[in-house]
2 protein chains.
Amino acid sequence: MIDAVTIREVKVQLGELCKQQRQRYKISQEDLAQELGLSRYTIQKFENGKNATLDTVLKIANHFNLLEKLYQALKDLENTNDINSLY
Amino acid sequence: MIDAVTIREVKVQLGELCKQQRQRYKISQEDLAQELGLSRYTIQKFENGKNATLDTVLKIANHFNLLEKLYQALKDLENTNDINSLY
DNA sequence: TTATATGGTTTATTATAATACACAAATATA
DNA sequence: TATATTTGTGTATTATAATAAACCATATAA
């Protein structure tokens with residue numbers, strides 16, 4: 001393990017994933033915002049790696065059908081009582 | 001697929017995971033808050049499934065060594081160009 | 001070319017997450 | 001038991017995410 005992942009890098013990656021998924025479905029930032037009841041500026045900032053609220057992130061994840069996957073991943077983590085068994 | 005996972009359920013699960021990990025290391029909410037430069041109230045609300053900011057969530061994830069895992073999961077999602085191949 | 005749509009940016013305002021206190025109720029420890 | 005620790009809750013304030021509205025540059029389409 002050379003370099004640790006930073007919080008900033010995760011936020012950038014989250015934004016990129018949103019942008020990628022959005023373009024996959026060929027919808028604009030404005031479209032996505034309206035469908036989620038958010039402003040375009042919120043989508044804009046999130047896609048550019050800025051801070052956001054959990055509700056915003058989960059709304060976006062839900063829109064791209066990633067909520068169930070995330071929920072199961074969290075459940076799995078909770079049932080993994082040894083942190084080292086993840087590696 | 002009977003019932004869809006809700007955003008609220010994911011937030012509750014996130015809070016439970018935080019609480020579980022924290023108790024695993026036998027530290028109080030106050031301890032965790034101080035180590036992360038957050039207030040105890042922020043930890044308190046997060047563990048009880050309330051809304052929070054991405055920075056708060058990622059700080060907690062990082063403290064319990066879950067950031068790298070999350071980052072890789074996001075990378076994997078980005079490289080999975082077919083959403084249906086996840087199932 | 002002229003429109004139209006999209007993404008990036010700015011400003012001002014509103015909503016709310018985060019903070020800093022305090023205090024009571026549980027929970028653990030002596 | 002009593003004492004200390006931790007957790008849950010409340011209030012007021014501050015910081016900041018979210019909103020709404022413009023504006024411009026670029027790309028795309030007519």
# chains A, B, ... in the order shown; residues from 1 in each chain; ligands from 1
>>> closest_atom_pairs(of="chain B", to="chain D", cutoff="10 Å", atoms="only C-alpha atoms (C1' of nucleotides)", output="Markdown table")
| residue | atom | partner | partner_atom | distance |
| --- | --- | --- | --- | --- |
| B:Ser28 | CA | D:DT6 | C1' | 7.0 |
| B:Gln29 | CA | D:DT6 | C1' | 8.2 |
| B:Glu30 | CA | D:DT6 | C1' | 8.8 |
| B:Tyr41 | CA | D:DG8 | C1' | 9.9 |
| B:Gln44 | CA | D:DG8 | C1' | 8.4 |
| B:Thr53 | CA | D:DA17 | C1' | 8.4 |
>>> calpha_fit_and_write(fixed="chain A", moving="chain B", output="mmCIF file with N, CA and C atoms, in the first residue's frame")
data_model
loop_
_atom_site.group_PDB
_atom_site.id
_atom_site.type_symbol
_atom_site.label_atom_id
_atom_site.label_comp_id
_atom_site.auth_asym_id
_atom_site.auth_seq_id
_atom_site.Cartn_x
_atom_site.Cartn_y
_atom_site.Cartn_z
ATOM 1 N N MET B 1 0.857 -1.151 0.137
ATOM 2 C CA MET B 1 0.007 0.031 0.139
ATOM 3 C C MET B 1 0.878 1.296 0.108
ATOM 4 N N ILE B 2 1.006 1.878 -1.063
ATOM 5 C CA ILE B 2 1.880 3.039 -1.217
ATOM 6 C C ILE B 2 1.185 4.310 -0.747
ATOM 7 N N ASP B 3 0.204 4.746 -1.525
ATOM 8 C CA ASP B 3 -0.459 6.002 -1.215
ATOM 9 C C ASP B 3 -1.890 5.771 -0.752
ATOM 10 N N ALA B 4 -2.262 6.479 0.318
ATOM 11 C CA ALA B 4 -3.615 6.327 0.851
ATOM 12 C C ALA B 4 -4.578 7.168 0.033
ATOM 13 N N VAL B 5 -5.781 6.659 -0.123
ATOM 14 C CA VAL B 5 -6.826 7.406 -0.814
ATOM 15 C C VAL B 5 -7.297 8.531 0.095
ATOM 16 N N THR B 6 -7.474 9.715 -0.478
ATOM 17 C CA THR B 6 -7.918 10.848 0.315
ATOM 18 C C THR B 6 -9.418 11.070 0.158
ATOM 19 N N ILE B 7 -9.966 11.816 1.111
ATOM 20 C CA ILE B 7 -11.392 12.147 1.062
ATOM 21 C C ILE B 7 -11.697 12.929 -0.215
ATOM 22 N N ARG B 8 -10.800 13.813 -0.558
ATOM 23 C CA ARG B 8 -10.982 14.604 -1.783
ATOM 24 C C ARG B 8 -11.075 13.707 -3.017
ATOM 25 N N GLU B 9 -10.208 12.693 -3.079
ATOM 26 C CA GLU B 9 -10.222 11.795 -4.233
ATOM 27 C C GLU B 9 -11.529 11.020 -4.328
ATOM 28 N N VAL B 10 -12.077 10.639 -3.180
ATOM 29 C CA VAL B 10 -13.346 9.910 -3.194
ATOM 30 C C VAL B 10 -14.470 10.810 -3.696
ATOM 31 N N LYS B 11 -14.444 12.071 -3.277
ATOM 32 C CA LYS B 11 -15.475 13.002 -3.738
ATOM 33 C C LYS B 11 -15.369 13.242 -5.241
ATOM 34 N N VAL B 12 -14.141 13.366 -5.732
ATOM 35 C CA VAL B 12 -13.938 13.534 -7.170
ATOM 36 C C VAL B 12 -14.456 12.308 -7.926
ATOM 37 N N GLN B 13 -14.164 11.134 -7.391
ATOM 38 C CA GLN B 13 -14.592 9.895 -8.025
ATOM 39 C C GLN B 13 -16.110 9.773 -8.032
ATOM 40 N N LEU B 14 -16.740 10.185 -6.933
ATOM 41 C CA LEU B 14 -18.202 10.169 -6.856
ATOM 42 C C LEU B 14 -18.789 11.075 -7.931
ATOM 43 N N GLY B 15 -18.201 12.252 -8.078
ATOM 44 C CA GLY B 15 -18.680 13.192 -9.081
ATOM 45 C C GLY B 15 -18.534 12.647 -10.490
ATOM 46 N N GLU B 16 -17.403 12.025 -10.750
ATOM 47 C CA GLU B 16 -17.159 11.456 -12.076
ATOM 48 C C GLU B 16 -18.151 10.341 -12.375
ATOM 49 N N LEU B 17 -18.438 9.546 -11.356
ATOM 50 C CA LEU B 17 -19.387 8.445 -11.544
ATOM 51 C C LEU B 17 -20.769 8.985 -11.873
ATOM 52 N N CYS B 18 -21.162 10.048 -11.191
ATOM 53 C CA CYS B 18 -22.451 10.677 -11.467
ATOM 54 C C CYS B 18 -22.507 11.170 -12.901
ATOM 55 N N LYS B 19 -21.464 11.866 -13.296
ATOM 56 C CA LYS B 19 -21.398 12.414 -14.657
ATOM 57 C C LYS B 19 -21.438 11.305 -15.704
ATOM 58 N N GLN B 20 -20.689 10.244 -15.423
ATOM 59 C CA GLN B 20 -20.649 9.134 -16.368
ATOM 60 C C GLN B 20 -22.022 8.475 -16.518
ATOM 61 N N GLN B 21 -22.664 8.208 -15.391
ATOM 62 C CA GLN B 21 -23.980 7.567 -15.423
ATOM 63 C C GLN B 21 -24.997 8.473 -16.114
ATOM 64 N N ARG B 22 -24.914 9.756 -15.799
ATOM 65 C CA ARG B 22 -25.841 10.712 -16.402
ATOM 66 C C ARG B 22 -25.691 10.738 -17.921
ATOM 67 N N GLN B 23 -24.452 10.784 -18.387
ATOM 68 C CA GLN B 23 -24.207 10.827 -19.828
ATOM 69 C C GLN B 23 -24.578 9.502 -20.495
ATOM 70 N N ARG B 24 -24.484 8.425 -19.713
ATOM 71 C CA ARG B 24 -24.888 7.115 -20.206
ATOM 72 C C ARG B 24 -26.355 7.112 -20.593
ATOM 73 N N TYR B 25 -27.151 7.812 -19.799
ATOM 74 C CA TYR B 25 -28.587 7.881 -20.063
ATOM 75 C C TYR B 25 -28.933 9.107 -20.888
ATOM 76 N N LYS B 26 -27.884 9.829 -21.321
ATOM 77 C CA LYS B 26 -28.054 10.975 -22.213
ATOM 78 C C LYS B 26 -29.013 12.016 -21.664
ATOM 79 N N ILE B 27 -28.840 12.341 -20.407
ATOM 80 C CA ILE B 27 -29.638 13.408 -19.808
ATOM 81 C C ILE B 27 -28.713 14.521 -19.325
ATOM 82 N N SER B 28 -29.230 15.726 -19.338
ATOM 83 C CA SER B 28 -28.427 16.885 -18.933
ATOM 84 C C SER B 28 -28.452 17.042 -17.415
ATOM 85 N N GLN B 29 -27.580 17.885 -16.919
ATOM 86 C CA GLN B 29 -27.567 18.186 -15.486
ATOM 87 C C GLN B 29 -28.938 18.716 -15.067
ATOM 88 N N GLU B 30 -29.493 19.543 -15.935
ATOM 89 C CA GLU B 30 -30.820 20.116 -15.664
ATOM 90 C C GLU B 30 -31.880 19.026 -15.540
ATOM 91 N N ASP B 31 -31.857 18.065 -16.464
ATOM 92 C CA ASP B 31 -32.806 16.952 -16.420
ATOM 93 C C ASP B 31 -32.689 16.189 -15.107
ATOM 94 N N LEU B 32 -31.465 15.813 -14.777
ATOM 95 C CA LEU B 32 -31.235 15.037 -13.555
ATOM 96 C C LEU B 32 -31.700 15.802 -12.332
ATOM 97 N N ALA B 33 -31.360 17.086 -12.291
ATOM 98 C CA ALA B 33 -31.753 17.921 -11.148
ATOM 99 C C ALA B 33 -33.267 17.935 -10.983
ATOM 100 N N GLN B 34 -33.972 18.140 -12.078
ATOM 101 C CA GLN B 34 -35.433 18.210 -11.995
ATOM 102 C C GLN B 34 -36.043 16.882 -11.566
ATOM 103 N N GLU B 35 -35.497 15.790 -12.090
ATOM 104 C CA GLU B 35 -36.044 14.479 -11.750
ATOM 105 C C GLU B 35 -35.842 14.148 -10.272
ATOM 106 N N LEU B 36 -34.810 14.729 -9.677
ATOM 107 C CA LEU B 36 -34.507 14.438 -8.275
ATOM 108 C C LEU B 36 -35.002 15.537 -7.342
ATOM 109 N N GLY B 37 -35.588 16.576 -7.899
ATOM 110 C CA GLY B 37 -36.048 17.681 -7.065
ATOM 111 C C GLY B 37 -34.898 18.478 -6.490
ATOM 112 N N LEU B 38 -33.802 18.553 -7.258
ATOM 113 C CA LEU B 38 -32.637 19.324 -6.828
ATOM 114 C C LEU B 38 -32.384 20.439 -7.833
ATOM 115 N N SER B 39 -31.526 21.369 -7.472
ATOM 116 C CA SER B 39 -31.159 22.413 -8.408
ATOM 117 C C SER B 39 -29.986 21.939 -9.259
ATOM 118 N N ARG B 40 -29.863 22.521 -10.444
ATOM 119 C CA ARG B 40 -28.765 22.134 -11.318
ATOM 120 C C ARG B 40 -27.417 22.449 -10.677
ATOM 121 N N TYR B 41 -27.403 23.518 -9.912
ATOM 122 C CA TYR B 41 -26.164 23.931 -9.247
ATOM 123 C C TYR B 41 -25.671 22.847 -8.275
ATOM 124 N N THR B 42 -26.599 22.180 -7.622
ATOM 125 C CA THR B 42 -26.232 21.103 -6.694
ATOM 126 C C THR B 42 -25.588 19.941 -7.453
ATOM 127 N N ILE B 43 -26.180 19.589 -8.586
ATOM 128 C CA ILE B 43 -25.602 18.529 -9.429
ATOM 129 C C ILE B 43 -24.233 18.962 -9.931
ATOM 130 N N GLN B 44 -24.188 20.199 -10.383
ATOM 131 C CA GLN B 44 -22.947 20.769 -10.921
ATOM 132 C C GLN B 44 -21.799 20.669 -9.917
ATOM 133 N N LYS B 45 -22.074 21.102 -8.701
ATOM 134 C CA LYS B 45 -21.034 21.073 -7.676
ATOM 135 C C LYS B 45 -20.637 19.643 -7.319
ATOM 136 N N PHE B 46 -21.621 18.777 -7.216
ATOM 137 C CA PHE B 46 -21.331 17.387 -6.869
ATOM 138 C C PHE B 46 -20.460 16.721 -7.935
ATOM 139 N N GLU B 47 -20.797 16.925 -9.198
ATOM 140 C CA GLU B 47 -20.018 16.314 -10.281
ATOM 141 C C GLU B 47 -18.589 16.853 -10.328
ATOM 142 N N ASN B 48 -18.387 18.033 -9.768
ATOM 143 C CA ASN B 48 -17.050 18.611 -9.750
ATOM 144 C C ASN B 48 -16.312 18.374 -8.434
ATOM 145 N N GLY B 49 -16.789 17.393 -7.682
ATOM 146 C CA GLY B 49 -16.056 16.946 -6.501
ATOM 147 C C GLY B 49 -16.208 17.803 -5.259
ATOM 148 N N LYS B 50 -17.223 18.669 -5.253
ATOM 149 C CA LYS B 50 -17.432 19.495 -4.067
ATOM 150 C C LYS B 50 -18.196 18.717 -2.998
ATOM 151 N N ASN B 51 -18.233 19.281 -1.823
ATOM 152 C CA ASN B 51 -18.960 18.657 -0.724
ATOM 153 C C ASN B 51 -20.463 18.694 -1.002
ATOM 154 N N ALA B 52 -21.195 17.758 -0.414
ATOM 155 C CA ALA B 52 -22.645 17.691 -0.602
ATOM 156 C C ALA B 52 -23.248 17.029 0.626
ATOM 157 N N THR B 53 -24.548 16.932 0.649
ATOM 158 C CA THR B 53 -25.195 16.225 1.757
ATOM 159 C C THR B 53 -25.431 14.767 1.371
ATOM 160 N N LEU B 54 -25.586 13.947 2.395
ATOM 161 C CA LEU B 54 -25.851 12.523 2.180
ATOM 162 C C LEU B 54 -27.135 12.325 1.384
ATOM 163 N N ASP B 55 -28.148 13.117 1.678
ATOM 164 C CA ASP B 55 -29.409 13.012 0.946
ATOM 165 C C ASP B 55 -29.208 13.215 -0.553
ATOM 166 N N THR B 56 -28.411 14.202 -0.905
ATOM 167 C CA THR B 56 -28.142 14.464 -2.318
ATOM 168 C C THR B 56 -27.444 13.272 -2.964
ATOM 169 N N VAL B 57 -26.411 12.758 -2.306
ATOM 170 C CA VAL B 57 -25.659 11.626 -2.846
ATOM 171 C C VAL B 57 -26.557 10.407 -3.013
ATOM 172 N N LEU B 58 -27.385 10.150 -2.012
ATOM 173 C CA LEU B 58 -28.232 8.955 -2.059
ATOM 174 C C LEU B 58 -29.365 9.096 -3.074
ATOM 175 N N LYS B 59 -29.850 10.314 -3.253
ATOM 176 C CA LYS B 59 -30.857 10.533 -4.299
ATOM 177 C C LYS B 59 -30.276 10.194 -5.664
ATOM 178 N N ILE B 60 -29.046 10.621 -5.891
ATOM 179 C CA ILE B 60 -28.381 10.351 -7.169
ATOM 180 C C ILE B 60 -28.117 8.863 -7.324
ATOM 181 N N ALA B 61 -27.601 8.255 -6.251
ATOM 182 C CA ALA B 61 -27.324 6.812 -6.288
ATOM 183 C C ALA B 61 -28.600 6.036 -6.575
ATOM 184 N N ASN B 62 -29.680 6.451 -5.945
ATOM 185 C CA ASN B 62 -30.966 5.779 -6.135
ATOM 186 C C ASN B 62 -31.441 5.899 -7.580
ATOM 187 N N HIS B 63 -31.233 7.067 -8.159
ATOM 188 C CA HIS B 63 -31.678 7.295 -9.536
ATOM 189 C C HIS B 63 -30.980 6.377 -10.524
ATOM 190 N N PHE B 64 -29.733 6.030 -10.217
ATOM 191 C CA PHE B 64 -28.980 5.151 -11.111
ATOM 192 C C PHE B 64 -28.967 3.713 -10.600
ATOM 193 N N ASN B 65 -29.938 3.389 -9.764
ATOM 194 C CA ASN B 65 -30.141 2.020 -9.273
ATOM 195 C C ASN B 65 -28.929 1.461 -8.543
ATOM 196 N N LEU B 66 -28.303 2.293 -7.740
ATOM 197 C CA LEU B 66 -27.134 1.839 -6.996
ATOM 198 C C LEU B 66 -27.405 1.766 -5.498
ATOM 199 N N LEU B 67 -28.649 2.067 -5.101
ATOM 200 C CA LEU B 67 -28.958 2.124 -3.675
ATOM 201 C C LEU B 67 -28.956 0.740 -3.033
ATOM 202 N N GLU B 68 -29.583 -0.206 -3.717
ATOM 203 C CA GLU B 68 -29.652 -1.575 -3.210
ATOM 204 C C GLU B 68 -28.245 -2.147 -3.038
ATOM 205 N N LYS B 69 -27.426 -1.898 -4.032
ATOM 206 C CA LYS B 69 -26.047 -2.385 -4.004
ATOM 207 C C LYS B 69 -25.285 -1.782 -2.822
ATOM 208 N N LEU B 70 -25.475 -0.496 -2.620
ATOM 209 C CA LEU B 70 -24.819 0.188 -1.507
ATOM 210 C C LEU B 70 -25.310 -0.361 -0.172
ATOM 211 N N TYR B 71 -26.608 -0.554 -0.081
ATOM 212 C CA TYR B 71 -27.197 -1.060 1.157
ATOM 213 C C TYR B 71 -26.639 -2.434 1.514
ATOM 214 N N GLN B 72 -26.548 -3.283 0.538
ATOM 215 C CA GLN B 72 -26.018 -4.627 0.780
ATOM 216 C C GLN B 72 -24.548 -4.578 1.186
ATOM 217 N N ALA B 73 -23.799 -3.672 0.558
ATOM 218 C CA ALA B 73 -22.383 -3.526 0.901
ATOM 219 C C ALA B 73 -22.237 -3.103 2.360
ATOM 220 N N LEU B 74 -23.127 -2.215 2.811
ATOM 221 C CA LEU B 74 -23.083 -1.763 4.202
ATOM 222 C C LEU B 74 -23.464 -2.897 5.149
ATOM 223 N N LYS B 75 -24.460 -3.669 4.761
ATOM 224 C CA LYS B 75 -24.874 -4.820 5.561
ATOM 225 C C LYS B 75 -23.725 -5.811 5.691
ATOM 226 N N ASP B 76 -23.045 -6.029 4.587
ATOM 227 C CA ASP B 76 -21.925 -6.963 4.590
ATOM 228 C C ASP B 76 -20.817 -6.475 5.518
ATOM 229 N N LEU B 77 -20.551 -5.189 5.465
ATOM 230 C CA LEU B 77 -19.516 -4.622 6.333
ATOM 231 C C LEU B 77 -19.889 -4.817 7.804
ATOM 232 N N GLU B 78 -21.161 -4.633 8.102
ATOM 233 C CA GLU B 78 -21.607 -4.772 9.484
ATOM 234 C C GLU B 78 -21.452 -6.206 9.980
ATOM 235 N N ASN B 79 -21.640 -7.131 9.078
ATOM 236 C CA ASN B 79 -21.542 -8.536 9.461
ATOM 237 C C ASN B 79 -20.119 -9.072 9.382
ATOM 238 N N THR B 80 -19.198 -8.223 8.974
ATOM 239 C CA THR B 80 -17.789 -8.615 8.937
ATOM 240 C C THR B 80 -17.139 -8.103 10.212
ATOM 241 N N ASN B 81 -17.076 -8.968 11.228
ATOM 242 C CA ASN B 81 -16.618 -8.505 12.526
ATOM 243 C C ASN B 81 -15.109 -8.358 12.623
ATOM 244 N N ASP B 82 -14.392 -8.924 11.655
ATOM 245 C CA ASP B 82 -12.947 -8.733 11.645
ATOM 246 C C ASP B 82 -12.566 -7.851 10.479
ATOM 247 N N ILE B 83 -12.065 -6.686 10.793
ATOM 248 C CA ILE B 83 -11.729 -5.712 9.757
ATOM 249 C C ILE B 83 -10.663 -6.237 8.808
ATOM 250 N N ASN B 84 -9.759 -7.093 9.318
ATOM 251 C CA ASN B 84 -8.658 -7.576 8.499
ATOM 252 C C ASN B 84 -9.099 -8.642 7.506
ATOM 253 N N SER B 85 -10.268 -9.200 7.721
ATOM 254 C CA SER B 85 -10.736 -10.238 6.814
ATOM 255 C C SER B 85 -11.183 -9.642 5.476
ATOM 256 N N LEU B 86 -11.153 -8.311 5.405
ATOM 257 C CA LEU B 86 -11.538 -7.668 4.149
ATOM 258 C C LEU B 86 -10.418 -7.745 3.131
ATOM 259 N N TYR B 87 -9.221 -8.111 3.581
ATOM 260 C CA TYR B 87 -8.077 -8.106 2.672
ATOM 261 C C TYR B 87 -7.556 -9.503 2.393
#
>>> select_by_dssp(residues="chain B", states="helix (DSSP H, G or I)", output="count of residues only")
60
>>> interface_residues(of="chain C", to="chain A", cutoff="10 Å", atoms="only C-alpha atoms (C1' of nucleotides)", output="list of chain:residue names")
C:DA5, C:DT6, C:DG7, C:DG8, C:DA17
>>> write_last_selection(atoms="N, CA and C atoms (P, O5', C5', C4', C3', O3' and C1' of nucleotides)", output="mmCIF file, in the first residue's frame")
data_model
loop_
_atom_site.group_PDB
_atom_site.id
_atom_site.type_symbol
_atom_site.label_atom_id
_atom_site.label_comp_id
_atom_site.auth_asym_id
_atom_site.auth_seq_id
_atom_site.Cartn_x
_atom_site.Cartn_y
_atom_site.Cartn_z
ATOM 1 P P DA C 5 -33.876 24.286 -26.897
ATOM 2 O "O5'" DA C 5 -32.556 23.525 -26.434
ATOM 3 C "C5'" DA C 5 -31.988 22.523 -27.277
ATOM 4 C "C4'" DA C 5 -30.700 21.985 -26.656
ATOM 5 C "C3'" DA C 5 -30.774 21.788 -25.144
ATOM 6 O "O3'" DA C 5 -30.132 20.567 -24.802
ATOM 7 C "C1'" DA C 5 -29.016 23.290 -25.679
ATOM 8 P P DT C 6 -30.291 19.981 -23.296
ATOM 9 O "O5'" DT C 6 -28.824 20.129 -22.714
ATOM 10 C "C5'" DT C 6 -27.721 19.675 -23.489
ATOM 11 C "C4'" DT C 6 -26.431 20.267 -22.957
ATOM 12 C "C3'" DT C 6 -26.299 20.223 -21.433
ATOM 13 O "O3'" DT C 6 -25.271 19.300 -21.087
ATOM 14 C "C1'" DT C 6 -25.575 22.310 -22.346
ATOM 15 P P DG C 7 -24.920 19.020 -19.529
ATOM 16 O "O5'" DG C 7 -23.675 19.989 -19.273
ATOM 17 C "C5'" DG C 7 -22.548 19.924 -20.122
ATOM 18 C "C4'" DG C 7 -21.548 21.017 -19.782
ATOM 19 C "C3'" DG C 7 -21.149 21.083 -18.301
ATOM 20 O "O3'" DG C 7 -19.750 21.306 -18.210
ATOM 21 C "C1'" DG C 7 -22.042 23.163 -18.983
ATOM 22 P P DG C 8 -19.036 21.122 -16.779
ATOM 23 O "O5'" DG C 8 -18.688 22.621 -16.360
ATOM 24 C "C5'" DG C 8 -17.699 23.339 -17.097
ATOM 25 C "C4'" DG C 8 -17.771 24.812 -16.763
ATOM 26 C "C3'" DG C 8 -17.540 25.163 -15.287
ATOM 27 O "O3'" DG C 8 -16.373 25.966 -15.164
ATOM 28 C "C1'" DG C 8 -19.386 26.361 -16.191
ATOM 29 P P DA C 17 -29.879 18.861 7.486
ATOM 30 O "O5'" DA C 17 -28.325 18.489 7.606
ATOM 31 C "C5'" DA C 17 -27.464 18.750 6.509
ATOM 32 C "C4'" DA C 17 -26.117 19.285 6.983
ATOM 33 C "C3'" DA C 17 -25.501 18.512 8.134
ATOM 34 O "O3'" DA C 17 -24.095 18.422 7.934
ATOM 35 C "C1'" DA C 17 -25.784 20.768 8.768
#
